[in-house]
file work-v4.tsv (TSV, C-alpha atoms)
chain	number	residue	atom	x	y	z
F	45	MET	CA	-22.12	12.44	5.35
F	46	LEU	CA	-21.61	10.60	2.09
F	47	LEU	CA	-19.65	7.77	3.70
F	48	ALA	CA	-22.47	7.08	6.14
F	49	ALA	CA	-24.93	6.85	3.25
F	50	VAL	CA	-22.65	4.33	1.52
F	51	TRP	CA	-22.54	2.28	4.70
F	52	LEU	CA	-26.32	2.32	5.07
F	53	VAL	CA	-27.08	1.16	1.54
F	54	SER	CA	-24.56	-1.65	1.86
F	55	GLY	CA	-27.02	-3.45	4.12
F	56	LYS	CA	-24.40	-4.32	6.73
F	57	PRO	CA	-26.15	-5.41	9.92
F	58	ALA	CA	-25.60	-3.58	13.18
F	59	ALA	CA	-25.03	-5.76	16.19
F	60	ALA	CA	-25.00	-3.38	19.16
F	61	HIS	CA	-27.38	-0.62	18.07
F	62	PRO	CA	-28.80	0.97	14.91
F	63	ILE	CA	-25.96	3.47	14.46
F	64	PRO	CA	-22.63	1.65	14.97
F	65	PHE	CA	-20.34	4.37	13.70
F	66	SER	CA	-18.56	7.54	14.78
F	67	TYR	CA	-17.42	10.63	12.90
F	68	LEU	CA	-13.89	11.99	13.21
F	69	ASP	CA	-12.87	15.31	11.64
F	70	LEU	CA	-9.26	16.51	11.60
F	71	ARG	CA	-8.59	20.10	10.51
F	72	ILE	CA	-4.90	20.76	9.90
F	73	ALA	CA	-3.48	24.24	10.44
F	74	ASP	CA	0.10	25.51	10.61
F	75	ASP	CA	0.50	25.05	14.36
F	76	ARG	CA	-2.26	22.66	15.37
F	77	ILE	CA	-4.83	20.05	14.42
F	78	GLU	CA	-8.37	20.83	15.51
F	79	ALA	CA	-10.21	17.54	16.03
F	80	SER	CA	-13.85	16.68	16.52
F	81	LEU	CA	-15.25	13.25	17.32
F	82	VAL	CA	-18.98	12.54	17.31
F	83	ALA	CA	-19.73	9.35	19.24
F	84	HIS	CA	-23.08	7.76	19.94
F	85	MET	CA	-24.38	7.69	23.51
F	86	ILE	CA	-24.83	3.89	23.47
F	87	ASP	CA	-21.17	3.30	22.63
F	88	LEU	CA	-19.98	5.79	25.24
F	89	ALA	CA	-22.36	4.44	27.88
F	90	HIS	CA	-21.14	0.91	27.29
F	91	GLU	CA	-17.51	1.93	27.85
F	92	LEU	CA	-18.41	4.00	30.91
F	93	GLY	CA	-20.59	1.29	32.45
F	94	ILE	CA	-23.68	3.52	32.40
F	95	GLU	CA	-26.89	1.50	32.20
F	96	GLN	CA	-29.03	4.39	30.92
F	97	PRO	CA	-27.25	5.84	27.87
F	98	GLU	CA	-29.66	8.78	27.60
F	99	ARG	CA	-28.20	10.21	30.82
F	100	LEU	CA	-25.16	11.27	28.76
F	101	LEU	CA	-27.42	13.72	26.94
F	102	ILE	CA	-27.70	15.73	30.16
F	103	PRO	CA	-24.98	18.43	29.86
F	104	ASP	CA	-23.93	18.19	33.52
F	105	VAL	CA	-23.53	14.41	33.27
F	106	ALA	CA	-21.58	14.71	30.01
F	107	ARG	CA	-19.20	17.24	31.60
F	108	ARG	CA	-18.79	15.07	34.67
F	109	GLU	CA	-17.82	12.07	32.52
F	110	ALA	CA	-15.49	14.07	30.25
F	111	ASP	CA	-12.24	12.95	31.91
F	112	ALA	CA	-13.33	9.30	31.92
F	113	ILE	CA	-14.25	9.51	28.23
F	114	SER	CA	-10.90	11.01	27.27
F	115	ASP	CA	-9.07	8.41	29.37
F	116	ILE	CA	-10.88	5.61	27.51
F	117	LEU	CA	-10.81	6.97	23.96
F	118	GLY	CA	-7.43	8.70	24.08
F	119	PRO	CA	-5.33	5.50	23.76
F	120	ARG	CA	-7.70	4.13	21.12
F	121	LEU	CA	-7.44	7.18	18.88
F	122	GLN	CA	-3.86	7.84	17.89
F	123	VAL	CA	-2.52	10.51	15.59
F	124	ALA	CA	1.20	10.25	14.88
F	125	ILE	CA	3.90	12.01	12.90
F	126	GLY	CA	6.40	9.29	12.15
F	127	ASP	CA	7.21	7.58	15.45
F	128	ARG	CA	5.95	10.53	17.52
F	129	LEU	CA	2.46	10.20	18.96
F	130	LEU	CA	0.68	13.53	19.31
F	131	THR	CA	-0.90	14.30	22.67
F	132	PRO	CA	-4.49	15.56	22.56
F	133	VAL	CA	-5.80	18.39	24.71
F	134	TRP	CA	-9.49	17.77	25.33
F	135	SER	CA	-12.27	20.32	25.68
F	136	GLU	CA	-15.69	19.91	27.29
F	137	PRO	CA	-18.07	17.61	25.38
F	138	GLU	CA	-21.03	19.04	23.51
F	139	VAL	CA	-24.40	17.28	23.69
F	140	LEU	CA	-26.03	16.60	20.30
F	141	ARG	CA	-29.47	15.59	21.47
F	142	ASP	CA	-30.97	15.24	17.98
F	143	ARG	CA	-28.23	12.74	17.09
F	144	GLN	CA	-28.18	11.03	20.51
F	145	SER	CA	-24.46	11.66	20.54
F	146	LEU	CA	-21.69	13.70	22.11
F	147	ARG	CA	-19.25	15.84	20.16
F	148	LEU	CA	-15.81	15.59	21.72
F	149	ARG	CA	-13.41	18.38	20.78
F	150	PHE	CA	-9.65	18.24	21.21
F	151	ARG	CA	-6.53	19.59	19.58
F	152	TYR	CA	-2.98	18.57	18.85
F	153	ALA	CA	-0.11	21.06	18.88
F	154	LEU	CA	2.17	21.12	15.81
F	155	ASP	CA	5.53	22.67	14.99
F	156	GLY	CA	4.36	23.10	11.40
F	157	VAL	CA	2.26	21.28	8.82
F	158	PRO	CA	3.55	17.68	8.84
F	159	GLY	CA	4.32	15.80	5.66
F	160	ARG	CA	2.49	12.71	6.82
F	161	LEU	CA	-0.02	11.83	9.49
F	162	ASP	CA	-0.81	8.29	10.65
F	163	VAL	CA	-4.29	7.95	12.12
F	164	THR	CA	-5.41	4.85	14.04
F	165	ALA	CA	-8.92	4.51	15.42
F	166	GLU	CA	-10.14	1.48	17.38
F	167	LEU	CA	-12.71	3.35	19.42
F	168	PHE	CA	-15.28	0.74	20.45
F	169	PRO	CA	-13.81	-2.76	20.04
F	170	TYR	CA	-16.75	-4.36	21.84
F	171	ASP	CA	-18.76	-3.81	18.64
F	172	THR	CA	-17.07	-5.54	15.73
F	173	ASN	CA	-19.34	-3.71	13.28
F	174	HIS	CA	-18.30	-0.28	14.51
F	175	GLN	CA	-16.81	2.06	11.92
F	176	THR	CA	-15.20	5.47	12.21
F	177	PHE	CA	-15.73	7.86	9.30
F	178	LEU	CA	-12.69	10.09	8.97
F	179	ASN	CA	-12.57	13.45	7.19
F	180	VAL	CA	-9.28	15.34	6.90
F	181	TYR	CA	-9.34	19.05	6.09
F	182	GLU	CA	-6.41	21.18	5.03
F	183	ASP	CA	-6.49	24.85	4.04
F	184	GLY	CA	-10.20	24.83	4.84
F	185	SER	CA	-10.99	22.15	2.23
F	186	LEU	CA	-11.88	18.49	2.58
F	187	ARG	CA	-8.82	16.60	1.32
F	188	THR	CA	-9.51	12.95	2.02
F	189	GLN	CA	-11.99	10.54	3.57
F	190	ALA	CA	-11.52	7.07	4.99
F	191	ILE	CA	-13.46	4.40	6.86
F	192	LEU	CA	-11.63	2.84	9.80
F	193	ASP	CA	-12.89	-0.40	11.32
F	194	ILE	CA	-11.69	-3.57	12.97
F	195	GLY	CA	-10.27	-4.87	9.70
F	196	GLN	CA	-8.51	-1.64	8.75
F	197	PRO	CA	-8.04	0.59	11.79
F	198	ARG	CA	-5.24	2.72	10.33
F	199	THR	CA	-4.82	5.18	7.47
F	200	GLU	CA	-2.24	7.70	6.29
F	201	TYR	CA	-2.62	11.27	5.19
F	202	PHE	CA	0.01	13.11	3.13
F	203	SER	CA	-0.27	16.88	3.29
F	204	GLY	CA	-0.30	19.10	0.23
F	205	THR	CA	3.16	20.48	0.97
F	206	TRP	CA	6.68	19.68	-0.14
F	207	GLN	CA	7.03	17.82	3.15
F	208	GLY	CA	4.02	15.75	2.10
F	209	THR	CA	5.58	15.01	-1.28
F	210	GLY	CA	8.81	14.03	0.46
F	211	ALA	CA	6.87	11.70	2.73
F	212	VAL	CA	5.23	10.05	-0.30
F	213	ILE	CA	8.63	9.52	-1.91
F	214	GLY	CA	10.05	8.25	1.37
F	215	LYS	CA	7.31	5.64	1.60
F	216	PHE	CA	7.00	4.36	-1.97
F	217	VAL	CA	10.65	4.19	-3.08
F	218	PRO	CA	11.50	1.61	-0.36
F	219	GLN	CA	8.26	-0.23	-1.16
F	220	GLY	CA	9.37	-0.58	-4.78
F	221	VAL	CA	12.80	-1.87	-3.76
F	222	HIS	CA	11.24	-4.25	-1.28
F	223	HIS	CA	8.76	-5.64	-3.78
F	224	ILE	CA	11.25	-6.65	-6.44
F	225	LEU	CA	13.73	-8.05	-3.92
F	226	ILE	CA	11.09	-10.36	-2.43
F	227	GLY	CA	9.65	-11.34	-5.82
F	228	PRO	CA	11.42	-14.55	-6.89
F	229	ASP	CA	9.60	-14.64	-10.24
F	230	HIS	CA	10.79	-11.15	-11.23
F	231	ILE	CA	14.32	-11.92	-10.04
F	232	LEU	CA	14.47	-15.20	-11.94
F	233	PHE	CA	13.22	-13.52	-15.11
F	234	LEU	CA	16.01	-10.94	-14.85
F	235	VAL	CA	18.68	-13.52	-14.07
F	236	GLY	CA	17.48	-15.66	-16.97
F	237	LEU	CA	17.97	-12.70	-19.30
F	238	LEU	CA	21.55	-12.31	-18.04
F	239	LEU	CA	22.65	-15.95	-18.25
F	240	LEU	CA	24.00	-15.68	-21.81
F	241	GLY	CA	26.18	-12.74	-20.82
F	242	GLY	CA	27.29	-10.25	-23.44
F	243	THR	CA	28.83	-6.81	-23.62
F	244	ILE	CA	27.84	-4.01	-21.28
F	245	ARG	CA	25.99	-2.41	-24.18
F	246	GLN	CA	23.99	-5.58	-24.85
F	247	LEU	CA	23.02	-5.97	-21.21
F	248	LEU	CA	22.06	-2.30	-20.96
F	249	ILE	CA	19.74	-2.68	-23.94
F	250	VAL	CA	18.09	-5.75	-22.40
F	251	VAL	CA	17.60	-4.13	-18.99
F	252	THR	CA	16.41	-0.85	-20.52
F	253	ALA	CA	13.84	-2.71	-22.62
F	254	PHE	CA	12.49	-4.45	-19.52
F	255	THR	CA	12.41	-1.16	-17.58
F	256	LEU	CA	10.61	0.70	-20.36
F	257	ALA	CA	8.02	-2.03	-20.80
F	258	HIS	CA	7.06	-2.56	-17.18
F	259	SER	CA	7.04	1.20	-16.53
F	260	ILE	CA	4.42	1.64	-19.26
F	261	THR	CA	2.02	-1.01	-18.01
F	262	LEU	CA	2.58	-0.09	-14.36
F	263	SER	CA	1.40	3.43	-15.20
F	264	VAL	CA	-1.48	2.24	-17.38
F	265	ALA	CA	-2.82	-0.03	-14.65
F	266	VAL	CA	-2.42	2.37	-11.72
F	267	LEU	CA	-4.14	5.13	-13.67
F	268	ASN	CA	-7.00	2.67	-14.39
F	269	LEU	CA	-6.62	2.92	-18.16
F	270	PHE	CA	-6.34	-0.85	-18.55
F	271	ASN	CA	-5.87	-3.43	-15.84
F	272	PRO	CA	-6.21	-7.15	-16.68
F	273	PRO	CA	-7.14	-9.48	-13.82
F	274	GLY	CA	-4.46	-11.08	-11.68
F	275	HIS	CA	-5.56	-14.63	-12.51
F	276	LEU	CA	-4.36	-13.95	-16.07
F	277	ILE	CA	-1.26	-11.89	-15.27
F	278	GLU	CA	0.33	-14.18	-12.67
F	279	PRO	CA	0.37	-17.31	-14.92
F	280	ALA	CA	1.60	-15.14	-17.80
F	281	ILE	CA	4.54	-13.97	-15.67
F	282	ALA	CA	5.40	-17.61	-14.95
F	283	LEU	CA	5.16	-18.40	-18.66
F	284	SER	CA	7.53	-15.53	-19.45
F	285	ILE	CA	10.15	-17.19	-17.24
F	286	VAL	CA	9.77	-20.47	-19.14
F	287	CYS	CA	10.24	-18.61	-22.43
F	288	VAL	CA	13.43	-16.92	-21.24
F	289	GLY	CA	14.97	-20.24	-20.24
F	290	ALA	CA	13.91	-21.90	-23.48
F	291	ASP	CA	15.32	-19.06	-25.55
F	292	ASN	CA	18.69	-19.44	-23.80
F	293	LEU	CA	18.84	-23.11	-24.80
F	294	LEU	CA	17.65	-22.58	-28.37
F	295	VAL	CA	19.53	-19.44	-29.34
F	296	GLY	CA	22.79	-21.15	-30.30
F	297	ASP	CA	24.74	-18.78	-32.51
F	298	GLY	CA	21.59	-17.09	-33.75
F	299	ARG	CA	20.34	-13.58	-33.23
F	300	ASP	CA	20.14	-12.27	-29.66
F	301	MET	CA	16.40	-11.79	-29.01
F	302	ARG	CA	16.64	-11.00	-25.32
F	303	ALA	CA	15.84	-7.30	-25.71
F	304	TRP	CA	12.60	-8.14	-27.54
F	305	ILE	CA	11.75	-10.78	-24.95
F	306	ALA	CA	12.39	-8.27	-22.16
F	307	LEU	CA	10.27	-5.67	-23.95
F	308	GLY	CA	7.35	-7.99	-24.64
F	309	PHE	CA	7.19	-9.81	-21.33
F	310	GLY	CA	8.14	-6.69	-19.40
F	311	LEU	CA	4.69	-5.37	-20.27
F	312	ILE	CA	3.19	-8.31	-18.38
F	313	HIS	CA	5.51	-7.88	-15.38
F	314	GLY	CA	4.42	-4.24	-15.16
F	315	PHE	CA	0.84	-5.34	-14.50
F	316	GLY	CA	2.19	-7.58	-11.73
F	317	PHE	CA	3.98	-4.61	-10.12
F	318	ALA	CA	0.79	-2.56	-10.43
F	319	SER	CA	-1.28	-5.07	-8.46
F	320	VAL	CA	1.06	-4.59	-5.50
F	321	LEU	CA	1.00	-0.79	-5.72
F	322	GLN	CA	-2.78	-0.68	-6.04
F	323	ALA	CA	-3.15	-2.77	-2.89
F	324	MET	CA	-1.51	0.04	-0.93
F	325	GLN	CA	-3.26	3.16	0.28
F	326	LEU	CA	-2.41	5.63	-2.47
F	327	PRO	CA	-2.80	9.30	-1.51
F	328	PRO	CA	-5.40	10.71	-3.93
F	329	ARG	CA	-3.54	13.97	-4.49
F	330	ASP	CA	-0.19	12.27	-5.00
F	331	ILE	CA	-0.97	9.39	-7.35
F	332	ALA	CA	1.72	10.57	-9.77
F	333	TRP	CA	4.38	10.84	-7.08
F	334	SER	CA	3.38	7.46	-5.66
F	335	LEU	CA	3.66	5.88	-9.08
F	336	VAL	CA	7.00	7.48	-9.94
F	337	SER	CA	8.48	6.75	-6.52
F	338	PHE	CA	7.42	3.11	-6.54
F	339	ASN	CA	8.82	2.69	-10.04
F	340	VAL	CA	12.12	4.30	-9.02
F	341	GLY	CA	12.30	1.85	-6.14
F	342	VAL	CA	11.69	-1.06	-8.50
F	343	GLU	CA	14.47	0.20	-10.77
F	344	LEU	CA	16.91	0.58	-7.88
F	345	GLY	CA	16.20	-2.96	-6.73
F	346	GLN	CA	16.44	-4.20	-10.30
F	347	LEU	CA	19.76	-2.42	-10.78
F	348	ALA	CA	21.18	-4.07	-7.66
F	349	ILE	CA	20.13	-7.51	-8.94
F	350	VAL	CA	21.54	-6.89	-12.41
F	351	VAL	CA	24.89	-5.60	-11.16
F	352	VAL	CA	25.43	-8.48	-8.74
F	353	ALA	CA	24.22	-11.21	-11.13
F	354	ALA	CA	26.13	-9.87	-14.15
F	355	TRP	CA	29.33	-9.51	-12.11
F	356	LEU	CA	29.11	-13.07	-10.73
F	357	LEU	CA	28.35	-14.55	-14.15
F	358	ALA	CA	31.23	-12.65	-15.77
F	359	ALA	CA	33.61	-13.73	-12.98
F	360	LEU	CA	32.63	-17.38	-13.54
F	361	ARG	CA	33.22	-17.14	-17.30
F	362	ASN	CA	36.61	-15.52	-16.77
F	363	TRP	CA	37.56	-18.30	-14.38
F	364	SER	CA	36.39	-21.09	-16.70
F	365	ALA	CA	34.66	-20.75	-20.05
F	366	ALA	CA	33.48	-24.38	-19.81
F	367	ALA	CA	31.93	-23.75	-16.40
F	368	GLY	CA	30.21	-20.69	-17.84
F	369	ARG	CA	28.67	-22.76	-20.64
F	370	ARG	CA	27.50	-25.43	-18.19
F	371	LEU	CA	25.94	-22.74	-16.04
F	372	VAL	CA	23.99	-21.40	-19.02
F	373	VAL	CA	22.55	-24.85	-19.69
F	374	GLY	CA	21.92	-25.80	-16.07
F	375	GLY	CA	20.65	-22.37	-15.14
F	376	SER	CA	18.30	-22.24	-18.11
F	377	VAL	CA	16.87	-25.66	-17.28
F	378	PHE	CA	16.29	-24.50	-13.71
F	379	VAL	CA	14.59	-21.33	-14.98
F	380	ILE	CA	12.28	-23.38	-17.20
F	381	LEU	CA	11.37	-25.79	-14.40
F	382	ALA	CA	10.71	-23.00	-11.89
F	383	GLY	CA	8.58	-21.09	-14.39
F	384	ALA	CA	6.65	-24.23	-15.29
F	385	PHE	CA	6.04	-24.99	-11.61
F	386	TRP	CA	4.70	-21.48	-10.99
F	387	PHE	CA	2.55	-21.68	-14.10
F	388	VAL	CA	0.90	-24.94	-13.00
F	389	GLU	CA	0.49	-23.65	-9.44
F	390	ARG	CA	-1.09	-20.36	-10.55
F	391	VAL	CA	-3.42	-21.94	-13.10
F	392	PHE	CA	-4.57	-25.04	-11.28
F	393	PHE	CA	-3.84	-24.28	-7.61
F	394	PRO	CA	-4.23	-20.50	-7.22
F	395	GLY	CA	-4.80	-20.85	-3.49
F	396	GLY	CA	-1.61	-22.92	-3.02
F	397	PHE	CA	-1.09	-26.63	-2.71

call {"tool": "encode", "arguments": {"input": "work-v4.tsv", "output": "structure tokens"}}
result
Amino acid sequence: MLLAAVWLVSGKPAAAHPIPFSYLDLRIADDRIEASLVAHMIDLAHELGIEQPERLLIPDVARREADAISDILGPRLQVAIGDRLLTPVWSEPEVLRDRQSLRLRFRYALDGVPGRLDVTAELFPYDTNHQTFLNVYEDGSLRTQAILDIGQPRTEYFSGTWQGTGAVIGKFVPQGVHHILIGPDHILFLVGLLLLGGTIRQLLIVVTAFTLAHSITLSVAVLNLFNPPGHLIEPAIALSIVCVGADNLLVGDGRDMRAWIALGFGLIHGFGFASVLQAMQLPPRDIAWSLVSFNVGVELGQLAIVVVAAWLLAALRNWSAAAGRRLVVGGSVFVILAGAFWFVERVFFPGGF
């Protein structure tokens, strides 16, 4: 029980009793999940209203309380495939006298190995220190471990099948789209790059440079090759926005440097994307698919922004060249001011005003 050892050396105090954790094993087969939950007698006695917890170590008493235990713990331990909650079939409890615990066995019927399982465990909410140590086995091998507690009662498991890979893609592509669409700094950087307009070829080069750059650093950070701290990256992203706006105002009839700006600052934006991806629960066996899927989602969201913004800017220039020029100036000033505001906020007021 490696996870239990980690918990013990952390020095976290136990409020209710010396062993405030349970052990949950899920063994996935083609047509079922065999589950085993080891729960301490003190926790079970508290929920059952039994004043002498050691009575649960009497086999006859444990069997007599079996239905009450399953009625209490069943709603608190949920295993789901998508929106479908699996229904457990409970067996008689086994007394583990040396551990002062009961082993509760149950199973879930399956139609086949699922791509993704969602596991939620809030077994003994009366004890805020209680933790559930989860082990998931597939093909007879331990595939993943997790600690579920009051702060993080839920985890996901993606199976080692094509259905599992599909589930990973189905989760992380939308996450990538969502992240860039709700990230005003990334959007403003992209729009700032498009303000000057240009041919389709020019815009493709700019967007491709940005994509290539942030894809590199996103991968580098997620794979833990190099990952600078967020308190440096977030102000740098804001500064990149200021630079884009300033370049628009200073370029005049000079050389178009937007592709180089997109390439250079795109490296910084990639680290920003990585911080979001790393905050998610990445399936250990599918890091590569998670990374690729999230990046594809970012690109799809980015493509939508580029197409809409480029079309609107081109339509304005076709309607009035003078209005297009005023938009470049006004838009660039706005980009500079927004980037400067974010820079000051992130450097001097990282917790917000």

call {"tool": "atom_distance", "arguments": {"input": "work-v4.tsv", "atom1": "CA of Ala353 in chain F", "atom2": "CA of Gly214 in chain F"}}
result
27.1 Å

call {"tool": "closest_residue", "arguments": {"input": "work-v4.tsv", "among": "F:Pro132, F:Leu192, F:His90, F:Thr243", "to": "Tyr170 in chain F", "atoms": "only C-alpha atoms"}}
result
F:His90

call {"tool": "residues_around", "arguments": {"input": "work-v4.tsv", "residues": "Asp183 in chain F", "least_positions_apart": "3", "cutoff": "12 Å", "atoms": "all atoms listed in the file", "output": "number ranges by chain"}}
result
F: 70-74, 77, 157, 180, 186-187, 203-205

call {"tool": "atom_distance", "arguments": {"input": "work-v4.tsv", "atom1": "CA of Ser66 in chain F", "atom2": "CA of Leu101 in chain F"}}
result
16.3 Å

call {"tool": "atom_distance", "arguments": {"input": "work-v4.tsv", "atom1": "CA of Leu344 in chain F", "atom2": "CA of Val221 in chain F"}}
result
6.3 Å

call {"tool": "closest_residue", "arguments": {"input": "work-v4.tsv", "among": "F:Arg151, F:Arg120, F:Arg128, F:Arg299", "to": "Ser80 in chain F", "atoms": "all atoms listed in the file"}}
result
F:Arg151

call {"tool": "closest_residue", "arguments": {"input": "work-v4.tsv", "among": "F:Glu95, F:Gly242, F:Trp355, F:Ser263", "to": "Asn339 in chain F", "atoms": "only C-alpha atoms"}}
result
F:Ser263

call {"tool": "residues_around", "arguments": {"input": "work-v4.tsv", "residues": "range 138-140 of chain F", "least_positions_apart": "6", "cutoff": "8 Å", "atoms": "only C-alpha atoms", "output": "list in words"}}
result
Leu100, Leu101, Ile102, Pro103, Ala106, Leu146, Arg147 and Leu148 of chain F

call {"tool": "residues_around", "arguments": {"input": "work-v4.tsv", "residues": "range 375-380 of chain F", "least_positions_apart": "3", "cutoff": "12 Å", "atoms": "all atoms listed in the file", "output": "NGL selection string"}}
result
:F and (228-240 or 282-295 or 357 or 367-372 or 383-387)

call {"tool": "closest_residue", "arguments": {"input": "work-v4.tsv", "among": "F:Val351, F:Val212, F:Leu267, F:Ala257", "to": "Phe309 in chain F", "atoms": "only C-alpha atoms"}}
result
F:Ala257

call {"tool": "axis_aligned_box", "arguments": {"input": "work-v4.tsv", "around": "range 235-254 of chain F", "padding_each_side": "3 Å", "output": "JSON"}}
result
{"center_x": 20.7, "center_y": -8.4, "center_z": -19.5, "size_x": 22.3, "size_y": 21.1, "size_z": 16.8}

call {"tool": "closest_residue", "arguments": {"input": "work-v4.tsv", "among": "F:Val266, F:Ala83, F:Leu161, F:Ala124", "to": "Ala323 in chain F", "atoms": "all atoms listed in the file"}}
result
F:Val266

call {"tool": "closest_residue", "arguments": {"input": "work-v4.tsv", "among": "F:Ile213, F:Val350, F:Gln325, F:Ala332", "to": "Thr252 in chain F", "atoms": "all atoms listed in the file"}}
result
F:Val350

call {"tool": "build_atoms", "arguments": {"input": "work-v4.tsv", "residues": "range 166-187 of chain F", "atoms": "N, CA and C atoms", "output": "PDB file, keeping the file's coordinate frame"}}
result
ATOM      1  N   GLU F 166      -9.474   2.705  16.918  1.00  0.00           N
ATOM      2  CA  GLU F 166     -10.140   1.480  17.380  1.00  0.00           C
ATOM      3  C   GLU F 166     -10.971   1.879  18.600  1.00  0.00           C
ATOM      4  N   LEU F 167     -12.018   2.639  18.352  1.00  0.00           N
ATOM      5  CA  LEU F 167     -12.710   3.350  19.420  1.00  0.00           C
ATOM      6  C   LEU F 167     -13.560   2.454  20.302  1.00  0.00           C
ATOM      7  N   PHE F 168     -14.322   1.555  19.690  1.00  0.00           N
ATOM      8  CA  PHE F 168     -15.280   0.740  20.450  1.00  0.00           C
ATOM      9  C   PHE F 168     -15.135  -0.723  20.029  1.00  0.00           C
ATOM     10  N   PRO F 169     -14.082  -1.381  20.485  1.00  0.00           N
ATOM     11  CA  PRO F 169     -13.810  -2.760  20.040  1.00  0.00           C
ATOM     12  C   PRO F 169     -14.860  -3.775  20.465  1.00  0.00           C
ATOM     13  N   TYR F 170     -15.712  -3.414  21.433  1.00  0.00           N
ATOM     14  CA  TYR F 170     -16.750  -4.360  21.840  1.00  0.00           C
ATOM     15  C   TYR F 170     -17.729  -4.636  20.703  1.00  0.00           C
ATOM     16  N   ASP F 171     -17.847  -3.674  19.776  1.00  0.00           N
ATOM     17  CA  ASP F 171     -18.760  -3.810  18.640  1.00  0.00           C
ATOM     18  C   ASP F 171     -17.937  -4.008  17.373  1.00  0.00           C
ATOM     19  N   THR F 172     -17.913  -5.236  16.890  1.00  0.00           N
ATOM     20  CA  THR F 172     -17.070  -5.540  15.730  1.00  0.00           C
ATOM     21  C   THR F 172     -17.572  -4.892  14.448  1.00  0.00           C
ATOM     22  N   ASN F 173     -18.806  -4.391  14.459  1.00  0.00           N
ATOM     23  CA  ASN F 173     -19.340  -3.710  13.280  1.00  0.00           C
ATOM     24  C   ASN F 173     -19.056  -2.203  13.292  1.00  0.00           C
ATOM     25  N   HIS F 174     -18.487  -1.725  14.377  1.00  0.00           N
ATOM     26  CA  HIS F 174     -18.300  -0.280  14.510  1.00  0.00           C
ATOM     27  C   HIS F 174     -17.313   0.251  13.465  1.00  0.00           C
ATOM     28  N   GLN F 175     -17.667   1.399  12.898  1.00  0.00           N
ATOM     29  CA  GLN F 175     -16.810   2.060  11.920  1.00  0.00           C
ATOM     30  C   GLN F 175     -16.650   3.531  12.289  1.00  0.00           C
ATOM     31  N   THR F 176     -15.473   4.055  11.995  1.00  0.00           N
ATOM     32  CA  THR F 176     -15.200   5.470  12.210  1.00  0.00           C
ATOM     33  C   THR F 176     -14.998   6.137  10.863  1.00  0.00           C
ATOM     34  N   PHE F 177     -15.812   7.142  10.564  1.00  0.00           N
ATOM     35  CA  PHE F 177     -15.730   7.860   9.300  1.00  0.00           C
ATOM     36  C   PHE F 177     -14.828   9.067   9.485  1.00  0.00           C
ATOM     37  N   LEU F 178     -13.715   9.056   8.798  1.00  0.00           N
ATOM     38  CA  LEU F 178     -12.690  10.090   8.970  1.00  0.00           C
ATOM     39  C   LEU F 178     -12.725  11.087   7.826  1.00  0.00           C
ATOM     40  N   ASN F 179     -12.738  12.364   8.159  1.00  0.00           N
ATOM     41  CA  ASN F 179     -12.570  13.450   7.190  1.00  0.00           C
ATOM     42  C   ASN F 179     -11.339  14.256   7.588  1.00  0.00           C
ATOM     43  N   VAL F 180     -10.469  14.521   6.639  1.00  0.00           N
ATOM     44  CA  VAL F 180      -9.280  15.340   6.900  1.00  0.00           C
ATOM     45  C   VAL F 180      -9.375  16.604   6.057  1.00  0.00           C
ATOM     46  N   TYR F 181      -9.261  17.740   6.743  1.00  0.00           N
ATOM     47  CA  TYR F 181      -9.340  19.050   6.090  1.00  0.00           C
ATOM     48  C   TYR F 181      -7.976  19.724   6.156  1.00  0.00           C
ATOM     49  N   GLU F 182      -7.635  20.387   5.073  1.00  0.00           N
ATOM     50  CA  GLU F 182      -6.410  21.180   5.030  1.00  0.00           C
ATOM     51  C   GLU F 182      -6.688  22.435   4.210  1.00  0.00           C
ATOM     52  N   ASP F 183      -6.210  23.564   4.688  1.00  0.00           N
ATOM     53  CA  ASP F 183      -6.490  24.850   4.040  1.00  0.00           C
ATOM     54  C   ASP F 183      -7.992  25.093   3.887  1.00  0.00           C
ATOM     55  N   GLY F 184      -8.757  24.607   4.846  1.00  0.00           N
ATOM     56  CA  GLY F 184     -10.200  24.830   4.840  1.00  0.00           C
ATOM     57  C   GLY F 184     -10.976  23.949   3.893  1.00  0.00           C
ATOM     58  N   SER F 185     -10.311  23.011   3.208  1.00  0.00           N
ATOM     59  CA  SER F 185     -10.990  22.150   2.230  1.00  0.00           C
ATOM     60  C   SER F 185     -10.870  20.685   2.641  1.00  0.00           C
ATOM     61  N   LEU F 186     -11.919  19.919   2.331  1.00  0.00           N
ATOM     62  CA  LEU F 186     -11.880  18.490   2.580  1.00  0.00           C
ATOM     63  C   LEU F 186     -10.896  17.843   1.608  1.00  0.00           C
ATOM     64  N   ARG F 187      -9.875  17.183   2.153  1.00  0.00           N
ATOM     65  CA  ARG F 187      -8.820  16.600   1.320  1.00  0.00           C
ATOM     66  C   ARG F 187      -8.939  15.101   1.130  1.00  0.00           C
TER      67      ARG F 187
END
